[in-house]
>>> print(open('model00.tsv').read())   # TSV, C-alpha atoms
chain	number	residue	atom	x	y	z
H	1	MET	CA	50.38	-16.12	4.86
H	2	LEU	CA	48.31	-13.30	3.43
H	3	GLN	CA	48.30	-11.55	6.82
H	4	GLY	CA	52.07	-11.20	6.61
H	5	ALA	CA	51.90	-9.78	3.11
H	6	VAL	CA	49.31	-7.23	4.19
H	7	ALA	CA	51.35	-6.27	7.23
H	8	ALA	CA	54.55	-5.97	5.22
H	9	LEU	CA	52.95	-3.85	2.53
H	10	GLY	CA	51.32	-1.65	5.14
H	11	GLY	CA	54.63	-1.23	6.94
H	12	ILE	CA	56.39	-0.18	3.75
H	13	LEU	CA	53.69	2.33	2.89
H	14	ILE	CA	53.59	3.80	6.39
H	15	ALA	CA	57.36	3.98	6.62
H	16	GLY	CA	57.57	5.65	3.22
H	17	LEU	CA	54.87	8.13	4.09
H	18	THR	CA	56.59	8.93	7.36
H	19	LEU	CA	59.91	9.56	5.63
H	20	ILE	CA	58.35	11.78	3.01
H	21	LEU	CA	56.36	13.89	5.46
H	22	PHE	CA	58.68	14.22	8.41
H	23	ILE	CA	62.28	13.17	7.88
H	24	GLY	CA	64.59	15.99	6.93
H	25	ARG	CA	61.88	18.65	7.04
H	26	SER	CA	63.28	21.79	8.60
H	27	TRP	CA	59.88	22.87	9.84
H	28	VAL	CA	59.52	19.71	11.92
H	29	LYS	CA	61.51	19.61	15.14
H	30	PRO	CA	63.59	16.44	15.66
H	31	GLY	CA	61.71	15.62	18.87
H	32	VAL	CA	58.38	15.87	17.08
H	33	GLN	CA	59.67	13.61	14.28
H	34	ARG	CA	60.66	10.98	16.80
H	35	TYR	CA	57.30	11.00	18.60
H	36	VAL	CA	55.37	10.92	15.32
H	37	ILE	CA	57.37	7.91	14.13
H	38	ILE	CA	56.80	6.10	17.43
H	39	ILE	CA	53.05	6.81	17.34
H	40	ILE	CA	52.65	5.74	13.71
H	41	PHE	CA	54.59	2.52	14.07
H	42	GLY	CA	52.88	1.79	17.40
H	43	ALA	CA	49.49	2.18	15.75
H	44	PHE	CA	50.65	-0.05	12.92
H	45	MET	CA	51.74	-2.80	15.30
H	46	VAL	CA	48.38	-2.65	17.05
H	47	PHE	CA	46.72	-2.99	13.63
H	48	VAL	CA	48.88	-6.01	12.72
H	49	ILE	CA	48.28	-7.76	16.04
H	50	HIS	CA	44.57	-6.97	15.99
H	51	THR	CA	43.96	-8.23	12.46
H	52	SER	CA	46.27	-11.24	12.72
H	53	THR	CA	44.74	-12.66	15.89
H	54	PRO	CA	42.12	-15.34	15.04
H	55	LEU	CA	38.56	-14.50	16.05
H	56	ALA	CA	37.57	-18.09	16.79
H	57	SER	CA	38.68	-21.69	16.48
H	58	ASN	CA	39.72	-23.09	13.12
H	59	ASP	CA	38.20	-26.47	13.99
H	60	ASN	CA	35.30	-27.87	11.99
H	61	PRO	CA	32.13	-26.12	13.14
H	62	LYS	CA	29.54	-28.04	15.13
H	63	PRO	CA	26.62	-29.20	12.99
H	64	ALA	CA	23.34	-27.38	13.51
H	65	PRO	CA	20.65	-29.32	15.38
H	66	ASP	CA	18.05	-31.02	13.21
H	67	PHE	CA	14.49	-29.78	12.91
H	68	SER	CA	12.17	-31.50	15.35
H	69	ASP	CA	9.46	-32.32	12.81
H	70	VAL	CA	11.27	-32.89	9.48
H	71	PRO	CA	14.31	-35.20	9.31
H	72	THR	CA	17.53	-34.14	7.62
H	73	CYS	CA	18.41	-36.36	4.65
H	74	PHE	CA	21.41	-36.17	2.35
H	75	TRP	CA	22.20	-36.45	-1.33
H	76	ASN	CA	25.74	-37.25	-2.48
H	77	LEU	CA	25.54	-35.65	-5.89
H	78	LYS	CA	27.59	-36.49	-8.95
H	79	THR	CA	29.02	-32.96	-8.71
H	80	GLY	CA	30.72	-34.00	-5.47
H	81	SER	CA	28.42	-31.90	-3.27
H	82	HIS	CA	27.06	-33.38	-0.04
H	83	ILE	CA	23.63	-31.77	0.18
H	84	ALA	CA	21.25	-31.72	3.14
H	85	TYR	CA	17.61	-31.81	2.11
H	86	TYR	CA	14.18	-31.93	3.70
H	87	LYS	CA	11.33	-33.74	2.00
H	88	ILE	CA	7.76	-32.94	2.96
H	89	ALA	CA	5.73	-35.72	1.40
H	90	ALA	CA	2.29	-35.18	-0.06
H	91	LYS	CA	-0.46	-35.81	2.45
H	92	PRO	CA	-1.80	-39.37	2.20
H	93	GLY	CA	-5.32	-39.68	0.89
H	94	ILE	CA	-5.02	-36.58	-1.29
H	95	ALA	CA	-4.70	-36.88	-5.07
H	96	LYS	CA	-0.95	-36.54	-5.57
H	97	LYS	CA	0.34	-33.86	-7.91
H	98	THR	CA	2.73	-34.96	-10.65
H	99	THR	CA	4.93	-31.88	-10.34
H	100	PRO	CA	7.03	-31.75	-7.13
H	101	ILE	CA	7.95	-28.37	-5.67
H	102	ILE	CA	11.61	-27.46	-5.16
H	103	PHE	CA	12.50	-24.48	-2.98
H	104	LEU	CA	15.73	-22.52	-3.50
H	105	HIS	CA	16.78	-20.52	-0.45
H	106	GLY	CA	18.53	-17.18	-0.39
H	107	GLY	CA	21.88	-15.85	0.72
H	108	PRO	CA	23.96	-17.16	-0.92
H	109	GLY	CA	25.28	-18.93	2.12
H	110	ALA	CA	21.97	-18.97	3.99
H	111	TYR	CA	19.82	-22.04	4.62
H	112	VAL	CA	16.35	-23.57	4.84
H	113	ARG	CA	14.64	-21.98	7.83
H	114	LYS	CA	11.92	-23.28	10.13
H	115	LEU	CA	9.58	-20.65	8.72
H	116	ASP	CA	10.23	-22.06	5.21
H	117	LEU	CA	9.31	-25.56	6.35
H	118	ASP	CA	6.16	-24.32	8.03
H	119	PHE	CA	5.07	-22.48	4.91
H	120	PHE	CA	5.74	-25.30	2.45
H	121	LYS	CA	3.96	-27.88	4.59
H	122	THR	CA	0.74	-26.27	3.37
H	123	PHE	CA	1.57	-27.34	-0.19
H	124	ALA	CA	2.04	-30.95	0.93
H	125	ILE	CA	-1.52	-30.82	2.28
H	126	ASP	CA	-2.60	-30.05	-1.30
H	127	GLY	CA	-0.87	-33.16	-2.66
H	128	TYR	CA	2.58	-31.84	-3.60
H	129	ASP	CA	5.86	-33.49	-2.68
H	130	VAL	CA	8.07	-30.61	-1.54
H	131	TYR	CA	11.87	-30.62	-1.52
H	132	LEU	CA	13.88	-27.98	0.31
H	133	TYR	CA	17.66	-28.18	0.44
H	134	ASP	CA	20.65	-26.29	1.81
H	135	GLN	CA	22.96	-25.23	-0.99
H	136	VAL	CA	26.51	-26.54	-0.74
H	137	GLY	CA	28.47	-24.87	2.05
H	138	SER	CA	25.24	-23.70	3.67
H	139	GLY	CA	23.12	-24.90	6.55
H	140	ARG	CA	23.66	-28.60	7.15
H	141	SER	CA	25.21	-29.32	3.73
H	142	GLY	CA	28.88	-30.17	3.38
H	143	LEU	CA	31.56	-27.51	3.13
H	144	LEU	CA	33.90	-27.04	0.18
H	145	PRO	CA	37.22	-25.24	-0.04
H	146	LYS	CA	36.56	-21.56	-0.69
H	147	SER	CA	37.71	-22.02	-4.28
H	148	GLY	CA	34.93	-24.58	-4.80
H	149	TYR	CA	32.04	-22.18	-4.24
H	150	SER	CA	30.49	-20.67	-7.34
H	151	HIS	CA	27.19	-19.70	-8.87
H	152	LEU	CA	27.80	-22.27	-11.60
H	153	ARG	CA	28.35	-24.98	-8.96
H	154	ASN	CA	24.91	-24.20	-7.51
H	155	ILE	CA	23.34	-24.46	-10.97
H	156	LEU	CA	25.02	-27.80	-11.62
H	157	ASP	CA	23.96	-29.05	-8.18
H	158	PHE	CA	20.35	-28.20	-9.01
H	159	GLU	CA	20.58	-30.10	-12.28
H	160	ALA	CA	21.96	-33.11	-10.41
H	161	ILE	CA	19.16	-32.87	-7.84
H	162	VAL	CA	16.33	-32.90	-10.39
H	163	ASN	CA	17.94	-35.93	-11.97
H	164	VAL	CA	17.99	-37.70	-8.60
H	165	ILE	CA	14.34	-36.88	-7.86
H	166	ASN	CA	13.58	-37.93	-11.44
H	167	ALA	CA	10.19	-36.30	-12.01
H	168	LYS	CA	9.12	-35.19	-15.46
H	169	GLN	CA	8.67	-31.53	-14.50
H	170	TYR	CA	8.98	-29.35	-11.42
H	171	ILE	CA	7.57	-26.23	-9.84
H	172	VAL	CA	10.53	-24.18	-8.61
H	173	ILE	CA	10.23	-21.37	-6.08
H	174	GLY	CA	13.31	-19.22	-5.45
H	175	GLN	CA	13.62	-16.58	-2.73
H	176	SER	CA	16.25	-13.77	-2.76
H	177	TYR	CA	19.48	-15.31	-4.13
H	178	GLY	CA	17.39	-18.41	-4.81
H	179	GLY	CA	15.44	-16.25	-7.28
H	180	SER	CA	18.67	-15.24	-8.98
H	181	LEU	CA	19.67	-18.89	-9.15
H	182	LEU	CA	16.25	-19.75	-10.56
H	183	ALA	CA	16.62	-17.12	-13.29
H	184	ASP	CA	19.71	-18.87	-14.61
H	185	ILE	CA	18.15	-22.30	-14.29
H	186	ALA	CA	14.98	-21.25	-16.12
H	187	SER	CA	16.96	-19.60	-18.92
H	188	ASP	CA	19.18	-22.67	-19.45
H	189	SER	CA	18.07	-24.70	-22.47
H	190	ARG	CA	19.06	-27.95	-20.71
H	191	MET	CA	16.71	-27.35	-17.77
H	192	ALA	CA	14.00	-24.93	-18.89
H	193	GLY	CA	11.88	-27.75	-20.31
H	194	ARG	CA	11.89	-29.50	-16.92
H	195	ILE	CA	10.34	-26.53	-15.12
H	196	TYR	CA	6.56	-26.45	-15.26
H	197	LYS	CA	6.28	-23.08	-13.54
H	198	ALA	CA	8.69	-20.74	-11.73
H	199	VAL	CA	8.04	-18.35	-8.86
H	200	TYR	CA	10.53	-15.58	-8.13
H	201	ALA	CA	10.07	-14.31	-4.55
H	202	GLU	CA	12.07	-11.14	-3.96
H	203	PRO	CA	14.91	-12.13	-6.35
H	204	GLY	CA	18.31	-10.56	-5.83
H	205	VAL	CA	21.15	-9.94	-8.28
H	206	THR	CA	20.20	-9.82	-11.95
H	207	VAL	CA	21.20	-7.91	-15.08
H	208	SER	CA	19.27	-4.97	-16.45
H	209	SER	CA	17.76	-4.71	-19.91
H	210	ALA	CA	20.68	-2.42	-20.74
H	211	GLY	CA	23.10	-5.25	-19.99
H	212	THR	CA	24.59	-3.73	-16.83
H	213	ALA	CA	24.83	-5.51	-13.51
H	214	THR	CA	22.28	-4.67	-10.85
H	215	PHE	CA	23.30	-5.65	-7.33
H	216	THR	CA	20.94	-5.81	-4.42
H	217	ARG	CA	21.36	-3.61	-1.41
H	218	SER	CA	22.43	-5.67	1.58
H	219	PRO	CA	20.72	-5.25	4.92
H	220	ASN	CA	21.79	-1.93	6.41
H	221	ALA	CA	23.70	-3.23	9.38
H	222	LEU	CA	24.43	0.29	10.57
H	223	ASN	CA	20.72	0.76	11.30
H	224	GLU	CA	20.95	-2.11	13.76
H	225	ASP	CA	24.25	-1.10	15.35
H	226	VAL	CA	26.05	-4.19	14.05
H	227	ASN	CA	29.76	-4.11	14.86
H	228	LEU	CA	32.22	-6.49	13.23
H	229	PRO	CA	35.94	-6.73	14.05
H	230	LEU	CA	38.24	-5.49	11.31
H	231	ARG	CA	39.54	-9.02	10.75
H	232	ALA	CA	35.98	-10.24	10.10
H	233	ILE	CA	35.28	-7.33	7.73
H	234	ILE	CA	38.42	-8.15	5.73
H	235	GLY	CA	37.62	-11.87	5.70
H	236	ILE	CA	33.95	-11.48	4.73
H	237	LEU	CA	33.81	-8.39	2.52
H	238	ILE	CA	37.30	-7.54	1.28
H	239	ASN	CA	39.01	-10.91	0.88
H	240	PRO	CA	36.21	-13.53	1.10
H	241	GLY	CA	37.86	-16.05	-1.22
H	242	GLY	CA	41.37	-15.73	0.22
H	243	ASP	CA	43.15	-17.14	3.23
H	244	PHE	CA	43.25	-14.04	5.42
H	245	THR	CA	40.56	-15.70	7.53
H	246	SER	CA	39.59	-19.34	7.18
H	247	GLN	CA	36.05	-20.44	6.45
H	248	ASN	CA	35.90	-22.34	9.74
H	249	GLU	CA	37.05	-19.32	11.72
H	250	ILE	CA	34.26	-17.15	10.32
H	251	LEU	CA	31.67	-19.91	10.78
H	252	ASN	CA	32.68	-20.48	14.40
H	253	TYR	CA	32.83	-16.75	15.14
H	254	MET	CA	29.38	-16.02	13.72
H	255	SER	CA	27.80	-19.08	15.34
H	256	ASN	CA	28.81	-17.59	18.69
H	257	ARG	CA	27.36	-14.19	17.76
H	258	GLN	CA	23.71	-15.02	17.29
H	259	ASP	CA	22.68	-11.57	18.47
H	260	LEU	CA	24.64	-10.09	15.58
H	261	VAL	CA	23.10	-12.50	13.06
H	262	GLN	CA	19.66	-11.71	14.48
H	263	LYS	CA	20.21	-7.99	13.82
H	264	LEU	CA	20.90	-8.78	10.19
H	265	PHE	CA	17.93	-11.15	10.01
H	266	ILE	CA	15.41	-8.56	11.19
H	267	GLN	CA	16.24	-6.42	8.16
H	268	SER	CA	14.04	-8.84	6.19
H	269	PHE	CA	10.95	-7.78	8.15
H	270	PRO	CA	8.90	-4.57	8.21
H	271	LYS	CA	9.89	-2.21	11.03
H	272	ASP	CA	6.53	-2.61	12.77
H	273	ASP	CA	7.11	-6.38	13.08
H	274	ARG	CA	10.61	-6.36	14.53
H	275	ASN	CA	9.53	-7.13	18.08
H	276	SER	CA	7.74	-10.31	17.04
H	277	ILE	CA	10.04	-11.98	14.51
H	278	PRO	CA	11.37	-15.52	15.10
H	279	LYS	CA	14.86	-16.24	16.36
H	280	VAL	CA	17.42	-17.11	13.72
H	281	GLU	CA	18.69	-20.70	13.97
H	282	PRO	CA	22.28	-21.07	15.22
H	283	GLY	CA	25.33	-21.94	13.19
H	284	LEU	CA	23.89	-22.08	9.69
H	285	ILE	CA	24.97	-19.05	7.66
H	286	ASN	CA	28.25	-19.26	5.73
H	287	PHE	CA	29.43	-15.66	5.40
H	288	SER	CA	32.37	-16.72	3.25
H	289	VAL	CA	29.92	-17.87	0.56
H	290	ILE	CA	28.02	-14.59	0.89
H	291	GLY	CA	31.17	-12.73	-0.09
H	292	ILE	CA	32.24	-15.04	-2.93
H	293	ILE	CA	29.20	-15.69	-5.12
H	294	PRO	CA	27.26	-12.42	-5.78
H	295	PRO	CA	29.89	-10.84	-8.06
H	296	GLN	CA	29.90	-14.06	-10.10
H	297	VAL	CA	26.14	-13.82	-10.69
H	298	ALA	CA	26.38	-10.52	-12.53
H	299	VAL	CA	29.17	-11.86	-14.77
H	300	TYR	CA	27.26	-15.07	-15.44
H	301	ASN	CA	24.09	-13.14	-16.33
H	302	LYS	CA	25.46	-10.87	-19.05
H	303	ASP	CA	23.59	-12.83	-21.73
H	304	LEU	CA	20.50	-13.49	-19.62
H	305	LYS	CA	18.11	-11.40	-21.73
H	306	THR	CA	18.96	-13.36	-24.90
H	307	LYS	CA	18.59	-16.68	-23.08
H	308	PHE	CA	15.11	-15.74	-21.87
H	309	GLN	CA	14.02	-15.07	-25.44
H	310	HIS	CA	14.68	-18.73	-26.30
H	311	ASN	CA	13.54	-20.34	-23.03
H	312	LYS	CA	10.19	-19.03	-21.78
H	313	VAL	CA	9.18	-20.70	-18.55
H	314	ARG	CA	5.80	-19.62	-17.21
H	315	SER	CA	6.68	-17.47	-14.23
H	316	MET	CA	5.40	-15.18	-11.48
H	317	LEU	CA	7.30	-12.40	-9.66
H	318	MET	CA	6.48	-11.61	-6.02
H	319	LEU	CA	7.55	-8.43	-4.20
H	320	GLY	CA	7.31	-7.22	-0.61
H	321	GLU	CA	6.51	-3.64	0.31
H	322	SER	CA	9.23	-3.29	2.97
H	323	SER	CA	12.11	-5.05	1.24
H	324	TYR	CA	15.71	-3.94	1.58
H	325	ILE	CA	16.34	-5.24	-1.97
H	326	GLU	CA	16.87	-2.47	-4.49
H	327	ARG	CA	13.73	-2.38	-6.62
H	328	ASN	CA	15.81	-2.25	-9.81
H	329	ALA	CA	16.94	-5.84	-9.36
H	330	PRO	CA	13.61	-7.72	-9.51
H	331	LEU	CA	12.10	-5.22	-11.95
H	332	ASP	CA	15.02	-5.62	-14.32
H	333	LEU	CA	14.16	-9.31	-14.26
H	334	LEU	CA	10.60	-8.37	-15.25
H	335	ARG	CA	11.96	-6.26	-18.11
H	336	ILE	CA	14.08	-9.00	-19.62
H	337	ASN	CA	12.00	-12.12	-18.88
H	338	PRO	CA	8.96	-12.44	-21.18
H	339	GLY	CA	7.93	-15.58	-19.28
H	340	ILE	CA	6.74	-13.54	-16.26
H	341	GLU	CA	2.95	-13.59	-16.61
H	342	ARG	CA	1.99	-11.81	-13.41
H	343	VAL	CA	3.49	-9.75	-10.61
H	344	GLN	CA	2.14	-9.76	-7.06
H	345	TYR	CA	2.93	-6.96	-4.62
H	346	PHE	CA	2.40	-7.66	-0.92
H	347	LYS	CA	1.88	-4.77	1.45
H	348	ASN	CA	2.91	-5.19	5.09
H	349	ALA	CA	5.51	-7.78	4.08
H	350	GLY	CA	9.27	-7.52	3.80
H	351	HIS	CA	12.00	-9.45	2.02
H	352	ILE	CA	10.73	-12.71	3.54
H	353	LEU	CA	7.15	-12.84	2.29
H	354	TRP	CA	5.99	-15.96	4.19
H	355	ASN	CA	7.17	-14.70	7.56
H	356	GLY	CA	4.47	-16.31	9.72
H	357	LEU	CA	3.16	-12.93	10.85
H	358	HIS	CA	-0.31	-11.49	10.38
H	359	ASN	CA	-1.97	-13.33	7.47
H	360	ASN	CA	1.06	-13.11	5.16
H	361	ASN	CA	1.46	-16.87	4.78
H	362	VAL	CA	-2.15	-17.24	3.70
H	363	ARG	CA	-1.97	-14.34	1.24
H	364	VAL	CA	1.25	-15.61	-0.34
H	365	LYS	CA	0.02	-19.21	-0.45
H	366	ASN	CA	-3.23	-18.13	-2.13
H	367	SER	CA	-1.31	-16.12	-4.70
H	368	ILE	CA	0.94	-19.07	-5.59
H	369	ASP	CA	-2.07	-21.41	-5.73
H	370	GLU	CA	-3.85	-19.06	-8.13
H	371	PHE	CA	-0.80	-19.00	-10.39
H	372	LEU	CA	-0.29	-22.76	-10.32
H	373	ASN	CA	-3.97	-23.39	-11.06
H	374	ASP	CA	-4.24	-20.67	-13.75
H	375	ALA	CA	-6.84	-18.83	-11.68
H	376	PRO	CA	-7.26	-15.03	-11.81
H	377	PRO	CA	-5.21	-13.36	-9.07
H	378	ALA	CA	-7.03	-11.81	-6.13
H	379	LEU	CA	-4.31	-9.16	-5.94
H	380	PRO	CA	-3.80	-6.77	-8.84
H	381	ASN	CA	-1.16	-7.65	-11.42
H	382	TYR	CA	1.20	-4.93	-10.22
H	383	PRO	CA	3.62	-3.51	-11.11
H	384	THR	CA	3.43	-4.15	-14.84
H	385	LEU	CA	6.08	-3.06	-17.30
H	386	LYS	CA	4.47	0.33	-17.75
H	387	ASP	CA	4.33	0.84	-13.96
H	388	ILE	CA	8.06	0.31	-13.40
H	389	PRO	CA	9.33	3.94	-13.59
H	390	GLU	CA	6.73	5.27	-11.16
H	391	PHE	CA	7.03	2.21	-8.90
H	392	ILE	CA	10.78	2.78	-8.51
H	393	ARG	CA	10.42	6.55	-8.01
H	394	SER	CA	7.80	6.13	-5.31
H	395	ARG	CA	10.01	3.81	-3.29
H	396	LYS	CA	13.34	5.62	-3.27
>>> encode(input="model00.tsv", output="structure tokens")
Amino acid sequence: MLQGAVAALGGILIAGLTLILFIGRSWVKPGVQRYVIIIIFGAFMVFVIHTSTPLASNDNPKPAPDFSDVPTCFWNLKTGSHIAYYKIAAKPGIAKKTTPIIFLHGGPGAYVRKLDLDFFKTFAIDGYDVYLYDQVGSGRSGLLPKSGYSHLRNILDFEAIVNVINAKQYIVIGQSYGGSLLADIASDSRMAGRIYKAVYAEPGVTVSSAGTATFTRSPNALNEDVNLPLRAIIGILINPGGDFTSQNEILNYMSNRQDLVQKLFIQSFPKDDRNSIPKVEPGLINFSVIGIIPPQVAVYNKDLKTKFQHNKVRSMLMLGESSYIERNAPLDLLRINPGIERVQYFKNAGHILWNGLHNNNVRVKNSIDEFLNDAPPALPNYPTLKDIPEFIRSRK
């Protein structure tokens, strides 16, 4: 097992360091050498035991409870993915729109939230069929081996989904990582023609106009006093795709630490709202996926600027004032994507724009409606390309 290899390598390094520093040194008394060796190897054994002890069961995690108002359905895609989805049908008696809406959630490894369902129900009232789905390995969708998770797999799953729904064109709204996923979908010549309009809500990882990778800043867990065991840190951040910790172990551990997940969740809200945010749903976030996919996005996107020149999907970019996302990431998307026709900047909103607080849902819904109906925006078109340098400076 990988744990044994880590322990063995650490033991060799510590033993070698001990020999070099202490053994045979005339300035170190023999008694001191003996105590130092005992202390170092004792600390090492504590480290090995601590990091090798499983944090939780390796059994299959319990499925999350279904939403009370929208049933969980499943697609068995030709890609092999078992995908949980939630269809909000257009309201009867309203002229039905010909372009369904598909929502791409963030993470990667996150899920469709109750607040997403509540927001998108308002589009069904307008006559849209709305589809929301948990990406593979996330939420209520089926798990894969760690080696099966990839940004490309999520793109191929989306292509399979639009073929199953079988509409002529779609409106696609991507939030956070979902916006990054949407960027690659909209720039793909096979799928760009099937997207009527695209909305990027607080998109994450992208590639700058200079061709360098721009990663988002993750929620600052230290601000919320989030403490993870060393084994979890290694399994999630250092070795997410390996076998140091199993996927099931991390899922089961985090599902029993909802207070910890909640501390990460509140990073998506403005500070003034943190006493009134909703509770995160239990057992839905796959932290293994969070560690595996983001580096792949930057590699996949190296040619993104060129692709956008050939595939121009009419698009809108939406930003929140209190986002933890580095401003370079979505604004680099604005720089390289000529299809972005307008940018909407929402004050008093964070990374999750439709957060159910204040009148944010109404403001965001109105903005999307204006874009879909080619109406002038009530909010200023801001920031524009010329505003980017000052916009970034003012928010550092």
>>> residues_around(input="model00.tsv", residues="Ile88 (chain H)", least_positions_apart="3", cutoff="7 Å", atoms="all atoms listed in the file", output="VMD selection string")
chain H and resid 121 124 129 to 131
>>> residues_around(input="model00.tsv", residues="Ser288 (chain H)", least_positions_apart="2", cutoff="8 Å", atoms="all atoms listed in the file", output="count of residues only")
12
>>> atom_distance(input="model00.tsv", atom1="CA of Val280 (chain H)", atom2="CA of Val364 (chain H)")
21.5 Å
>>> atom_distance(input="model00.tsv", atom1="CA of Lys96 (chain H)", atom2="CA of Ile161 (chain H)")
20.6 Å
>>> closest_residue(input="model00.tsv", among="H:Leu357, H:Ile340, H:Val297, H:Leu334", to="Lys386 (chain H)", atoms="all atoms listed in the file")
H:Leu334
>>> residues_around(input="model00.tsv", residues="region 76-81 of chain H", least_positions_apart="5", cutoff="7 Å", atoms="all atoms listed in the file", output="list in words")
Val136, Gly142, Asp157 and Ala160 of chain H
>>> atom_distance(input="model00.tsv", atom1="CA of Tyr111 (chain H)", atom2="CA of Gly148 (chain H)")
18.0 Å
>>> closest_residue(input="model00.tsv", among="H:Ile285, H:Asn239, H:Ala232, H:His358", to="Gln135 (chain H)", atoms="only C-alpha atoms")
H:Ile285
>>> closest_residue(input="model00.tsv", among="H:Asn361, H:Gln344, H:Asn256, H:Ser315", to="Pro61 (chain H)", atoms="all atoms listed in the file")
H:Asn256
>>> residues_around(input="model00.tsv", residues="Leu152 (chain H)", least_positions_apart="6", cutoff="12 Å", atoms="only C-alpha atoms", output="ChimeraX atom specification")
/H:79,136,158-159,180-182,184-185,188,293-294,296-301
>>> closest_residue(input="model00.tsv", among="H:Ser268, H:Thr53, H:Thr98, H:Ser187", to="Thr306 (chain H)", atoms="only C-alpha atoms")
H:Ser187
>>> closest_residue(input="model00.tsv", among="H:Val261, H:Leu115, H:Ala84, H:Val172", to="Ala201 (chain H)", atoms="all atoms listed in the file")
H:Val172
